[in-house]
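A quick write-up on the structure given underneath.
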Amino acid sequence: MEHVATSVDGMELVYERPSTLTDTPMHYCPGCAHGVVHRVLMEVIQEMGIQDRTVGVAPVGCSVFAYNYMNIDMQEAAHGRASAVATGIKRILPDRFVFSYQGDGDLAAIGTGETIHTANRGENILVVFINNAIYGMTGGQMAPTTLLGMVTSTTPYGRESAVMGFPLKITDLVAQLPGAYYVTRQSVHTPTAARKLKKAIRNSLEYQKQNRGTCFIEVVSNCPSGWKMTPRESNEWMEKNMFPFYPPGDLKIPRG
């Protein structure tokens with residue numbers, strides 16, 4: 001990420017906390033991707049110089065902790081309603097950069113309607129969607145994005161399509177909507193992946209500046225605690241099982 005040429009006790013400092021993150025130790029489970037996504041998102045906001053003009057909206061779930069760490073204006077939303085709240089903020093304050101920060105148990109479950117209609121209207125906001133295929137905060141239950149055969153606290157023998165239906169590729173659905181301007185799927189499990197996410201976030205906020213419509217970024221993530229794995233095991237499992245079904249890459253990019 002950004003190289004910062006600063007000297008500390010005679011040593012060159014090449015990496016430091018962006019001012020857009022609060023000086024608060026993160027309380028996410030070891031290996032969780034949320035902290036990395038927070039860092040990348042706040043780096044972009046700092047580099048664009050828009051800290052005082054940015055509003056984030058986060059609902060229920062692990063996403064709710066974002067208020068503790070993002071040093072910007074933040075607004076809480078009811079479960080699933082973050083994109084609707086972000087829509088209201090952007091319409092009232094069109095000069096602000098507005099984003100929602102949501103998990104799959106929120107955005108792709110109780111918030112499916114809000115998500116689809118926000119993108120279909122082409123609301124000029126950024127939606128950041130963390131997909132770890134499970135309800136991470138509330139006990140590891142099956143989510144709409146849970147893979148077939150995946151074991152959760154409510155699918156102890158694995159998800160079965162005949163009983164629980166199929167995993168919901170909501171990002172693919174969003175990409176089909178005319179109001180969705182830029183739709184991409186990324187991850188943060190490697191430095192290269194984090195850099196790609198950073199570029200996607202920067203692009204999205206630049207498009208928002210141009211009033212292009214809804215930008216939607218899915219981040220395929222791990223959940224070491226919910227998956228009952230070590231951080232390394234969870235990343236390996238994610239690459240082997242999540243990526244074939246949720247492949248990283250652009251789903252919809254602006255023409256020209």
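Scheme for the structure tokens: letters A, B, ... for chains in order shown; per-chain residue numbers from 1; ligand numbers from 1 in order shown.
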Enumerate, as an MDAnalysis selection string, the complete set of residues in stretch 71-100 of chain A that a backbone-based DSSP assignment places in alpha helix (DSSP H). chainID A and resid 82:92
Contacts between stretch 178-191 of chain A and stretch 204-229 of chain A, please, where a residue of stretch 204-229 of chain A counts if it comes within 10 Å (with only C-alpha atoms); show its shortest atom pair and distance in Å to one decimal, rows by chain and ascending number, as a Markdown table.
```
| residue | atom | partner | partner_atom | distance |
| --- | --- | --- | --- | --- |
| A:Ser204 | CA | A:Tyr182 | CA | 7.1 |
| A:Tyr207 | CA | A:Tyr182 | CA | 8.4 |
| A:Gln208 | CA | A:Tyr181 | CA | 9.7 |
| A:Asn211 | CA | A:Tyr181 | CA | 9.9 |
| A:Arg212 | CA | A:Tyr181 | CA | 6.4 |
| A:Gly213 | CA | A:Tyr181 | CA | 5.4 |
| A:Thr214 | CA | A:Ala180 | CA | 4.8 |
| A:Cys215 | CA | A:Tyr182 | CA | 4.7 |
| A:Phe216 | CA | A:Val183 | CA | 4.7 |
| A:Ile217 | CA | A:Thr184 | CA | 5.1 |
| A:Glu218 | CA | A:Arg185 | CA | 4.6 |
| A:Val219 | CA | A:Gln186 | CA | 4.8 |
| A:Val220 | CA | A:Ser187 | CA | 5.1 |
| A:Ser221 | CA | A:Ser187 | CA | 6.3 |
| A:Asn222 | CA | A:His189 | CA | 8.5 |
```
Spatial neighbours of A:Met70, 12 Å, only C-alpha atoms, chain gap at least 6 places, as a PDB file with N, CA and C atoms, in the first residue's frame:
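The result, stored in part.pdb:
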```pdb
ATOM      1  N   ARG A  17      -0.457   3.841  10.621  1.00  0.00           N
ATOM      2  CA  ARG A  17      -1.915   3.898  10.720  1.00  0.00           C
ATOM      3  C   ARG A  17      -2.415   5.185  10.060  1.00  0.00           C
ATOM      4  N   PRO A  18      -3.397   5.093   9.167  1.00  0.00           N
ATOM      5  CA  PRO A  18      -3.966   6.322   8.588  1.00  0.00           C
ATOM      6  C   PRO A  18      -4.732   7.106   9.648  1.00  0.00           C
ATOM      7  N   SER A  19      -4.765   8.413   9.503  1.00  0.00           N
ATOM      8  CA  SER A  19      -5.450   9.262  10.479  1.00  0.00           C
ATOM      9  C   SER A  19      -6.956   9.027  10.472  1.00  0.00           C
ATOM     10  N   THR A  20      -7.446   8.383   9.445  1.00  0.00           N
ATOM     11  CA  THR A  20      -8.873   8.117   9.333  1.00  0.00           C
ATOM     12  C   THR A  20      -9.313   6.901  10.142  1.00  0.00           C
ATOM     13  N   LEU A  21      -8.356   6.201  10.756  1.00  0.00           N
ATOM     14  CA  LEU A  21      -8.669   5.152  11.721  1.00  0.00           C
ATOM     15  C   LEU A  21      -8.457   5.700  13.124  1.00  0.00           C
ATOM     16  N   THR A  22      -9.357   5.399  14.032  1.00  0.00           N
ATOM     17  CA  THR A  22      -9.176   5.830  15.409  1.00  0.00           C
ATOM     18  C   THR A  22      -8.041   5.038  16.050  1.00  0.00           C
ATOM     19  N   ASP A  23      -7.485   5.586  17.095  1.00  0.00           N
ATOM     20  CA  ASP A  23      -6.390   4.918  17.807  1.00  0.00           C
ATOM     21  C   ASP A  23      -6.973   3.930  18.819  1.00  0.00           C
ATOM     22  N   THR A  24      -7.710   2.960  18.289  1.00  0.00           N
ATOM     23  CA  THR A  24      -8.393   1.968  19.112  1.00  0.00           C
ATOM     24  C   THR A  24      -7.985   0.570  18.670  1.00  0.00           C
ATOM     25  N   PRO A  25      -7.496  -0.263  19.576  1.00  0.00           N
ATOM     26  CA  PRO A  25      -7.169  -1.650  19.183  1.00  0.00           C
ATOM     27  C   PRO A  25      -8.408  -2.357  18.658  1.00  0.00           C
ATOM     28  N   MET A  26      -8.265  -3.056  17.549  1.00  0.00           N
ATOM     29  CA  MET A  26      -9.401  -3.755  16.967  1.00  0.00           C
ATOM     30  C   MET A  26      -9.724  -5.024  17.752  1.00  0.00           C
ATOM     31  N   HIS A  34     -12.221  -8.242   8.478  1.00  0.00           N
ATOM     32  CA  HIS A  34     -12.824  -6.923   8.695  1.00  0.00           C
ATOM     33  C   HIS A  34     -11.775  -5.846   8.950  1.00  0.00           C
ATOM     34  N   GLY A  35     -10.804  -6.145   9.796  1.00  0.00           N
ATOM     35  CA  GLY A  35      -9.793  -5.146  10.123  1.00  0.00           C
ATOM     36  C   GLY A  35      -9.011  -4.691   8.905  1.00  0.00           C
ATOM     37  N   VAL A  37     -10.067  -4.751   5.746  1.00  0.00           N
ATOM     38  CA  VAL A  37     -10.959  -3.956   4.899  1.00  0.00           C
ATOM     39  C   VAL A  37     -11.120  -2.550   5.474  1.00  0.00           C
ATOM     40  N   HIS A  38     -11.268  -2.445   6.798  1.00  0.00           N
ATOM     41  CA  HIS A  38     -11.334  -1.127   7.444  1.00  0.00           C
ATOM     42  C   HIS A  38     -10.103  -0.307   7.060  1.00  0.00           C
ATOM     43  N   ARG A  39      -8.954  -0.938   7.195  1.00  0.00           N
ATOM     44  CA  ARG A  39      -7.692  -0.239   6.935  1.00  0.00           C
ATOM     45  C   ARG A  39      -7.624   0.272   5.496  1.00  0.00           C
ATOM     46  N   VAL A  40      -7.939  -0.597   4.563  1.00  0.00           N
ATOM     47  CA  VAL A  40      -7.859  -0.235   3.150  1.00  0.00           C
ATOM     48  C   VAL A  40      -8.847   0.885   2.822  1.00  0.00           C
ATOM     49  N   LEU A  41     -10.069   0.758   3.315  1.00  0.00           N
ATOM     50  CA  LEU A  41     -11.091   1.763   3.063  1.00  0.00           C
ATOM     51  C   LEU A  41     -10.680   3.125   3.619  1.00  0.00           C
ATOM     52  N   MET A  42     -10.164   3.138   4.826  1.00  0.00           N
ATOM     53  CA  MET A  42      -9.772   4.398   5.438  1.00  0.00           C
ATOM     54  C   MET A  42      -8.514   4.985   4.801  1.00  0.00           C
ATOM     55  N   GLU A  43      -7.638   4.150   4.277  1.00  0.00           N
ATOM     56  CA  GLU A  43      -6.477   4.660   3.545  1.00  0.00           C
ATOM     57  C   GLU A  43      -6.924   5.460   2.329  1.00  0.00           C
ATOM     58  N   ILE A  45      -9.782   6.979   1.829  1.00  0.00           N
ATOM     59  CA  ILE A  45     -10.431   8.217   2.258  1.00  0.00           C
ATOM     60  C   ILE A  45      -9.396   9.251   2.673  1.00  0.00           C
ATOM     61  N   GLN A  46      -8.345   8.815   3.351  1.00  0.00           N
ATOM     62  CA  GLN A  46      -7.282   9.743   3.729  1.00  0.00           C
ATOM     63  C   GLN A  46      -6.558  10.275   2.496  1.00  0.00           C
ATOM     64  N   GLN A  51     -11.998  13.032   4.380  1.00  0.00           N
ATOM     65  CA  GLN A  51     -12.399  12.551   5.698  1.00  0.00           C
ATOM     66  C   GLN A  51     -13.578  13.338   6.261  1.00  0.00           C
ATOM     67  N   ASP A  52     -13.570  14.654   6.091  1.00  0.00           N
ATOM     68  CA  ASP A  52     -14.627  15.495   6.652  1.00  0.00           C
ATOM     69  C   ASP A  52     -15.878  15.537   5.783  1.00  0.00           C
ATOM     70  N   THR A  54     -17.114  12.466   4.347  1.00  0.00           N
ATOM     71  CA  THR A  54     -17.502  11.070   4.161  1.00  0.00           C
ATOM     72  C   THR A  54     -18.424  10.621   5.287  1.00  0.00           C
ATOM     73  N   VAL A  55     -19.456   9.873   4.914  1.00  0.00           N
ATOM     74  CA  VAL A  55     -20.399   9.319   5.887  1.00  0.00           C
ATOM     75  C   VAL A  55     -20.516   7.820   5.637  1.00  0.00           C
ATOM     76  N   GLY A  56     -20.267   7.032   6.667  1.00  0.00           N
ATOM     77  CA  GLY A  56     -20.420   5.587   6.582  1.00  0.00           C
ATOM     78  C   GLY A  56     -21.667   5.138   7.313  1.00  0.00           C
ATOM     79  N   VAL A  57     -22.295   4.084   6.810  1.00  0.00           N
ATOM     80  CA  VAL A  57     -23.499   3.538   7.444  1.00  0.00           C
ATOM     81  C   VAL A  57     -23.280   2.049   7.669  1.00  0.00           C
ATOM     82  N   ALA A  58     -23.444   1.610   8.893  1.00  0.00           N
ATOM     83  CA  ALA A  58     -23.282   0.191   9.214  1.00  0.00           C
ATOM     84  C   ALA A  58     -24.466  -0.267  10.059  1.00  0.00           C
ATOM     85  N   SER A  63     -20.303  -5.919  11.413  1.00  0.00           N
ATOM     86  CA  SER A  63     -20.111  -4.613  10.787  1.00  0.00           C
ATOM     87  C   SER A  63     -20.349  -3.464  11.756  1.00  0.00           C
ATOM     88  N   VAL A  64     -21.141  -3.701  12.782  1.00  0.00           N
ATOM     89  CA  VAL A  64     -21.488  -2.628  13.707  1.00  0.00           C
ATOM     90  C   VAL A  64     -20.251  -2.089  14.430  1.00  0.00           C
ATOM     91  N   TYR A 101     -21.627  -0.350   4.870  1.00  0.00           N
ATOM     92  CA  TYR A 101     -20.668  -1.416   5.176  1.00  0.00           C
ATOM     93  C   TYR A 101     -21.456  -2.551   5.807  1.00  0.00           C
TER      94      TYR A 101
END
```
Residue neighbourhood A:Gly61, 8 Å, only C-alpha atoms, exclusion window fewer than 4 positions, as a PyMOL selection string: chain A and resi 103+105-106+135-138
When distances are computed from only C-alpha atoms, which of A:Gln176, A:Gln210, A:Thr192, A:Asn132 shows the smallest separation from A:Asn235? A:Asn132
